[in-house]
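> Quick one, my_file06.txt (compact mmCIF, C-alpha atoms):
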```txt
# COMPACT_ATOMS: atom_id res chain seq x y z
CA MET A 1 -66.17 -9.48 -113.10
CA ASN A 2 -63.56 -10.98 -115.34
CA ALA A 3 -65.45 -11.88 -118.50
CA ILE A 4 -65.73 -9.54 -121.47
CA LEU A 5 -69.29 -9.21 -122.66
CA PRO A 6 -70.13 -10.61 -126.10
CA LYS A 7 -70.72 -8.42 -129.15
CA GLN A 8 -68.85 -5.51 -127.64
CA ALA A 9 -66.54 -3.22 -129.53
CA PRO A 10 -62.95 -3.34 -128.21
CA LYS A 11 -63.31 0.13 -126.71
CA GLN A 12 -66.49 -0.82 -124.86
CA ALA A 13 -65.03 -4.09 -123.61
CA ALA A 14 -61.93 -2.28 -122.38
CA GLY A 15 -64.14 0.21 -120.55
CA TRP A 16 -66.01 -2.62 -118.83
CA GLU A 17 -62.79 -4.28 -117.72
CA ALA A 18 -61.31 -1.00 -116.49
CA LYS A 19 -64.39 -0.33 -114.37
CA ARG A 20 -64.35 -3.88 -113.01
CA ALA A 21 -60.77 -3.40 -111.90
CA ARG A 22 -61.61 -0.12 -110.15
CA LEU A 23 -64.57 -1.73 -108.37
CA GLU A 24 -62.43 -4.61 -107.15
CA GLN A 25 -59.81 -2.21 -105.84
CA TYR A 26 -62.45 -0.04 -104.15
CA PHE A 27 -64.22 -2.85 -102.33
CA ASP A 28 -61.08 -4.81 -101.44
CA ARG A 29 -58.81 -1.92 -100.44
CA THR A 30 -60.12 1.64 -100.31
CA ALA A 31 -63.39 1.06 -98.45
CA LEU A 32 -63.37 -2.53 -97.20
CA ASP A 33 -63.75 -1.56 -93.54
CA ALA A 34 -66.50 0.98 -94.33
CA TRP A 35 -68.51 -1.53 -96.38
CA ALA A 36 -67.99 -4.27 -93.82
CA ALA A 37 -69.41 -1.91 -91.18
CA MET A 38 -72.30 -0.73 -93.33
CA THR A 39 -73.43 -4.31 -93.95
CA SER A 40 -73.53 -4.95 -90.21
CA ASP A 41 -75.16 -3.17 -87.27
CA ALA A 42 -71.99 -1.23 -86.45
CA PRO A 43 -72.16 2.59 -86.12
CA VAL A 44 -71.53 4.46 -89.39
CA SER A 45 -71.35 8.09 -90.52
CA LYS A 46 -74.56 10.03 -91.15
CA ILE A 47 -73.92 9.81 -94.90
CA ARG A 48 -73.49 6.05 -94.82
CA ALA A 49 -76.46 5.68 -92.51
CA THR A 50 -78.72 7.00 -95.29
CA VAL A 51 -77.08 4.60 -97.74
CA ARG A 52 -77.59 1.71 -95.31
CA ALA A 53 -81.28 2.62 -94.90
CA GLY A 54 -81.77 2.97 -98.65
CA ARG A 55 -80.10 -0.36 -99.33
CA GLU A 56 -82.34 -2.04 -96.76
CA ASP A 57 -85.41 -0.60 -98.48
CA MET A 58 -84.14 -1.76 -101.86
CA ARG A 59 -83.27 -5.22 -100.58
CA ASN A 60 -86.77 -5.59 -99.13
CA THR A 61 -88.27 -4.44 -102.44
CA LEU A 62 -86.38 -7.06 -104.41
CA LEU A 63 -87.20 -9.75 -101.87
CA GLY A 64 -90.85 -8.77 -102.20
CA TRP A 65 -90.69 -9.53 -105.93
CA LEU A 66 -89.52 -13.09 -105.29
CA PRO A 67 -91.88 -15.90 -104.29
CA GLN A 68 -92.33 -16.26 -100.54
CA ASP A 69 -91.74 -20.01 -100.79
CA LEU A 70 -88.46 -20.70 -102.59
CA ARG A 71 -88.07 -24.36 -101.69
CA GLY A 72 -86.64 -26.25 -104.64
CA ARG A 73 -85.59 -22.99 -106.35
CA ARG A 74 -82.02 -22.05 -107.25
CA ILE A 75 -81.18 -18.35 -106.96
CA LEU A 76 -78.14 -16.33 -108.02
CA ASP A 77 -77.24 -13.30 -105.93
CA ALA A 78 -75.10 -11.52 -108.52
CA GLY A 79 -72.89 -9.05 -106.71
CA CYS A 80 -73.76 -10.41 -103.27
CA GLY A 81 -71.31 -8.43 -101.13
CA THR A 82 -71.40 -9.95 -97.66
CA GLY A 83 -74.55 -11.94 -98.46
CA MET A 84 -77.34 -10.06 -96.67
CA LEU A 85 -79.92 -10.68 -99.41
CA ALA A 86 -78.70 -14.25 -99.89
CA ILE A 87 -79.42 -15.03 -96.23
CA GLU A 88 -83.03 -13.91 -96.49
CA VAL A 89 -83.52 -15.90 -99.71
CA ALA A 90 -82.08 -19.02 -98.07
CA ARG A 91 -84.47 -18.60 -95.13
CA ARG A 92 -87.32 -18.92 -97.62
CA GLY A 93 -85.92 -22.29 -98.64
CA GLY A 94 -83.93 -21.26 -101.71
CA ASP A 95 -80.54 -22.68 -102.66
CA VAL A 96 -78.38 -19.61 -103.20
CA VAL A 97 -75.17 -19.00 -105.11
CA GLY A 98 -73.63 -15.65 -104.22
CA ILE A 99 -70.91 -14.15 -106.39
CA ASP A 100 -68.99 -10.93 -105.85
CA VAL A 101 -66.00 -9.18 -107.39
CA SER A 102 -64.43 -8.69 -103.93
CA PRO A 103 -62.70 -11.73 -102.40
CA GLN A 104 -62.48 -9.98 -99.04
CA LEU A 105 -66.20 -9.19 -98.86
CA ILE A 106 -66.88 -12.84 -99.71
CA GLU A 107 -64.67 -13.96 -96.84
CA ILE A 108 -66.52 -11.63 -94.46
CA GLY A 109 -69.80 -13.04 -95.77
CA LYS A 110 -68.69 -16.60 -95.11
CA GLU A 111 -67.71 -15.70 -91.55
CA ARG A 112 -71.12 -14.09 -90.95
CA LEU A 113 -73.32 -16.88 -92.30
CA PRO A 114 -75.90 -17.79 -89.64
CA ALA A 115 -76.10 -21.42 -88.62
CA ASP A 116 -79.65 -21.79 -89.94
CA VAL A 117 -78.64 -21.14 -93.56
CA GLN A 118 -75.29 -22.87 -93.72
CA GLY A 119 -75.53 -25.49 -96.43
CA LYS A 120 -78.12 -23.39 -98.31
CA ILE A 121 -75.68 -20.68 -99.47
CA SER A 122 -72.39 -20.92 -101.36
CA LEU A 123 -70.39 -17.70 -101.73
CA HIS A 124 -67.75 -17.20 -104.42
CA ALA A 125 -65.36 -14.45 -105.48
CA GLY A 126 -65.51 -14.18 -109.25
CA ASP A 127 -67.50 -13.16 -112.29
CA MET A 128 -71.28 -13.00 -111.88
CA LEU A 129 -71.61 -13.44 -115.66
CA ASP A 130 -69.70 -16.74 -115.66
CA ALA A 131 -72.02 -19.37 -117.17
CA GLY A 132 -70.04 -22.04 -115.34
CA TYR A 133 -72.17 -21.45 -112.26
CA GLY A 134 -75.14 -22.88 -114.16
CA ASP A 135 -78.76 -21.84 -114.57
CA PHE A 136 -81.12 -20.41 -111.98
CA ASP A 137 -84.82 -19.96 -111.34
CA HIS A 138 -84.30 -16.34 -110.29
CA ILE A 139 -81.34 -13.95 -110.52
CA VAL A 140 -81.00 -10.84 -108.38
CA SER A 141 -78.34 -8.18 -108.91
CA MET A 142 -78.59 -5.29 -106.46
CA ASP A 143 -76.53 -2.12 -106.93
CA VAL A 144 -73.89 -3.61 -109.20
CA LEU A 145 -74.95 -2.27 -112.58
CA ILE A 146 -75.31 1.24 -111.13
CA HIS A 147 -71.65 1.68 -112.11
CA TYR A 148 -72.18 1.02 -115.83
CA GLU A 149 -73.49 2.72 -118.97
CA SER A 150 -76.89 1.74 -120.39
CA ASP A 151 -75.42 -0.34 -123.24
CA GLN A 152 -73.23 -2.25 -120.79
CA ILE A 153 -76.22 -2.84 -118.49
CA ALA A 154 -78.24 -4.18 -121.42
CA ALA A 155 -75.42 -6.49 -122.47
CA ALA A 156 -74.93 -7.78 -118.92
CA THR A 157 -78.64 -8.40 -118.38
CA ALA A 158 -78.77 -10.29 -121.67
CA ARG A 159 -76.04 -12.60 -120.39
CA LEU A 160 -77.82 -13.09 -117.08
CA ALA A 161 -81.24 -13.58 -118.69
CA GLU A 162 -79.86 -16.54 -120.67
CA ARG A 163 -79.43 -18.35 -117.34
CA ALA A 164 -82.69 -17.37 -115.59
CA ARG A 165 -85.85 -19.49 -115.90
CA HIS A 166 -88.38 -17.15 -114.31
CA SER A 167 -87.09 -13.68 -113.45
CA LEU A 168 -84.13 -11.34 -113.36
CA LEU A 169 -84.19 -8.46 -110.88
CA PHE A 170 -81.56 -5.73 -111.07
CA THR A 171 -81.00 -2.12 -110.10
CA PHE A 172 -79.56 0.85 -111.96
CA ALA A 173 -78.84 4.49 -111.13
CA PRO A 174 -81.72 6.62 -112.47
CA GLY A 175 -80.84 9.73 -114.45
CA THR A 176 -82.53 12.22 -112.11
CA PRO A 177 -81.38 15.81 -111.46
CA LEU A 178 -81.18 14.99 -107.75
CA LEU A 179 -78.86 12.03 -108.30
CA ARG A 180 -76.67 14.01 -110.70
CA THR A 181 -76.39 16.78 -108.10
CA ALA A 182 -75.67 14.33 -105.28
CA ARG A 183 -73.01 12.72 -107.43
CA ALA A 184 -71.33 16.08 -107.95
CA VAL A 185 -71.56 17.03 -104.27
CA GLY A 186 -70.21 13.64 -103.27
CA GLN A 187 -66.85 14.48 -104.81
CA PHE A 188 -66.27 16.77 -101.83
CA PHE A 189 -66.84 14.04 -99.22
CA PRO A 190 -63.94 12.28 -97.48
CA LYS A 191 -62.68 9.36 -99.55
CA SER A 192 -63.98 6.89 -96.97
CA ASP A 193 -67.53 8.11 -97.67
CA ARG A 194 -67.28 7.99 -101.47
CA SER A 195 -68.46 5.15 -103.66
CA PRO A 196 -67.08 4.31 -107.10
CA SER A 197 -68.42 6.39 -109.93
CA ILE A 198 -72.18 5.93 -110.28
CA ILE A 199 -73.51 6.48 -113.80
CA PRO A 200 -77.08 7.86 -114.01
CA VAL A 201 -79.10 6.19 -116.77
CA ALA A 202 -82.41 7.33 -118.30
CA HIS A 203 -85.05 4.67 -117.65
CA ASP A 204 -86.70 5.04 -121.07
CA LEU A 205 -83.35 4.62 -122.81
CA LEU A 206 -82.54 1.56 -120.74
CA LYS A 207 -85.93 -0.03 -121.46
CA SER A 208 -85.36 0.50 -125.17
CA ARG A 209 -81.97 -1.17 -124.99
CA LEU A 210 -83.37 -4.04 -122.94
CA SER A 211 -86.11 -4.70 -125.50
CA ARG A 212 -83.41 -5.22 -128.11
CA SER A 213 -80.89 -7.15 -126.00
CA VAL A 214 -83.42 -9.40 -124.21
CA PRO A 215 -86.25 -9.80 -126.78
CA GLN A 216 -87.52 -13.00 -125.14
CA ALA A 217 -88.38 -11.14 -121.93
CA ARG A 218 -91.01 -8.68 -120.80
CA LEU A 219 -90.48 -5.89 -118.32
CA GLY A 220 -92.38 -6.22 -115.08
CA ARG A 221 -92.48 -4.02 -112.00
CA ASP A 222 -90.07 -1.17 -111.35
CA GLN A 223 -89.49 0.88 -108.21
CA ARG A 224 -87.24 3.81 -107.30
CA ILE A 225 -85.83 4.07 -103.77
CA SER A 226 -84.45 7.39 -102.50
CA ARG A 227 -83.14 7.77 -98.97
CA GLY A 228 -80.72 10.64 -98.32
CA PHE A 229 -77.61 9.93 -100.37
CA TYR A 230 -78.97 6.64 -101.68
CA THR A 231 -80.93 6.56 -104.94
CA SER A 232 -81.42 3.42 -106.98
CA HIS A 233 -84.09 2.07 -109.35
CA ALA A 234 -85.15 -1.59 -109.46
CA GLN A 235 -86.36 -3.30 -112.64
CA GLU A 236 -88.04 -6.70 -112.91
CA VAL A 237 -87.45 -8.73 -116.08
CA LEU A 238 -89.84 -11.68 -116.55
CA LEU A 239 -88.76 -14.77 -118.47
CA GLY A 240 -90.23 -18.08 -119.48
```
Starting from the file, lay out its structure as structure tokens.


Amino acid sequence: MNAILPKQAPKQAAGWEAKRARLEQYFDRTALDAWAAMTSDAPVSKIRATVRAGREDMRNTLLGWLPQDLRGRRILDAGCGTGMLAIEVARRGGDVVGIDVSPQLIEIGKERLPADVQGKISLHAGDMLDAGYGDFDHIVSMDVLIHYESDQIAAATARLAERARHSLLFTFAPGTPLLRTARAVGQFFPKSDRSPSIIPVAHDLLKSRLSRSVPQARLGRDQRISRGFYTSHAQEVLLG
């Protein structure tokens, strides 16, 4: 992500940009091969196998919150990685724009696009908050904002909500004792099995911030997914 969020203090904006740079480096250099494998059917470590299973559960949850028939709908996959969610959305008839901070993951995604969805998905390396990509009927952002503080999540969702007609679906890292412990234990794993710093956020605090940053919206369904070393919480924001 290259854009600085609006109405941020210089210190907060600098923190956002510093984290963005670390995420880009992580996904493009440190763990590119590991993430490319995890988003395929290739064998992975036991640790990453739990993350793969948890991500599949979360992806299915978010897909379940979208209409089954997406013909004529435009969808943004914000932080699309290699495009696994985008493919399923396109198979429902949606026109999908996928954006990710990692140019290399985007290239892998383009190489993997099945023939039946080519022409329905466009993948781009860049800033998911860039308004230049236009407006959408639905926006989905899976496991991107798990790396940010609650005020940064609220600011980012406000930017995304401005461009969504019907719904915004995103995930965050819930502030549970289990996740905090797993985060601490994870520092002892090999570097290839570590993810960038995940920041646990209290759900009540986040909802309060969202009510102020996105006053035109109402909060819909929410669901926590925990599988081994994967824990993430989905939130539906309804618009229009």

> Which value, in Å to one decimal, gives the distance between atom CA of A:Ala234 and atom CA of A:Ala202?

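Taking atom CA of A:Ala234 as the start and atom CA of A:Ala202 as the end point, the length is 12.9 Å.
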
> Between A:Asp33, A:Asp137, A:Asp127, A:Asp204, which has the minimum distance to A:Ala161 (counting only C-alpha atoms)?

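Of A:Asp33, A:Asp137, A:Asp127, A:Asp204, the one nearest A:Ala161, counting only C-alpha atoms, is A:Asp137.
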
> Give me the residues near A:Gly126 as number ranges by chain, where near means some atom within 9 Å (using all atoms listed in the file) and where sequence neighbours in that chain fewer than 2 positions away do not count.

A: 1-2, 99-103, 124, 128-130

> Atom CA of A:Val51 and atom CA of A:Arg92, how far apart in Å?

25.7 Å

> Have a look at atom CA of A:Leu113 and atom CA of A:Glu56 and let me know their distance in Å, one decimal.

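If I compute the distance from atom CA of A:Leu113 to atom CA of A:Glu56, I get 17.9 Å.
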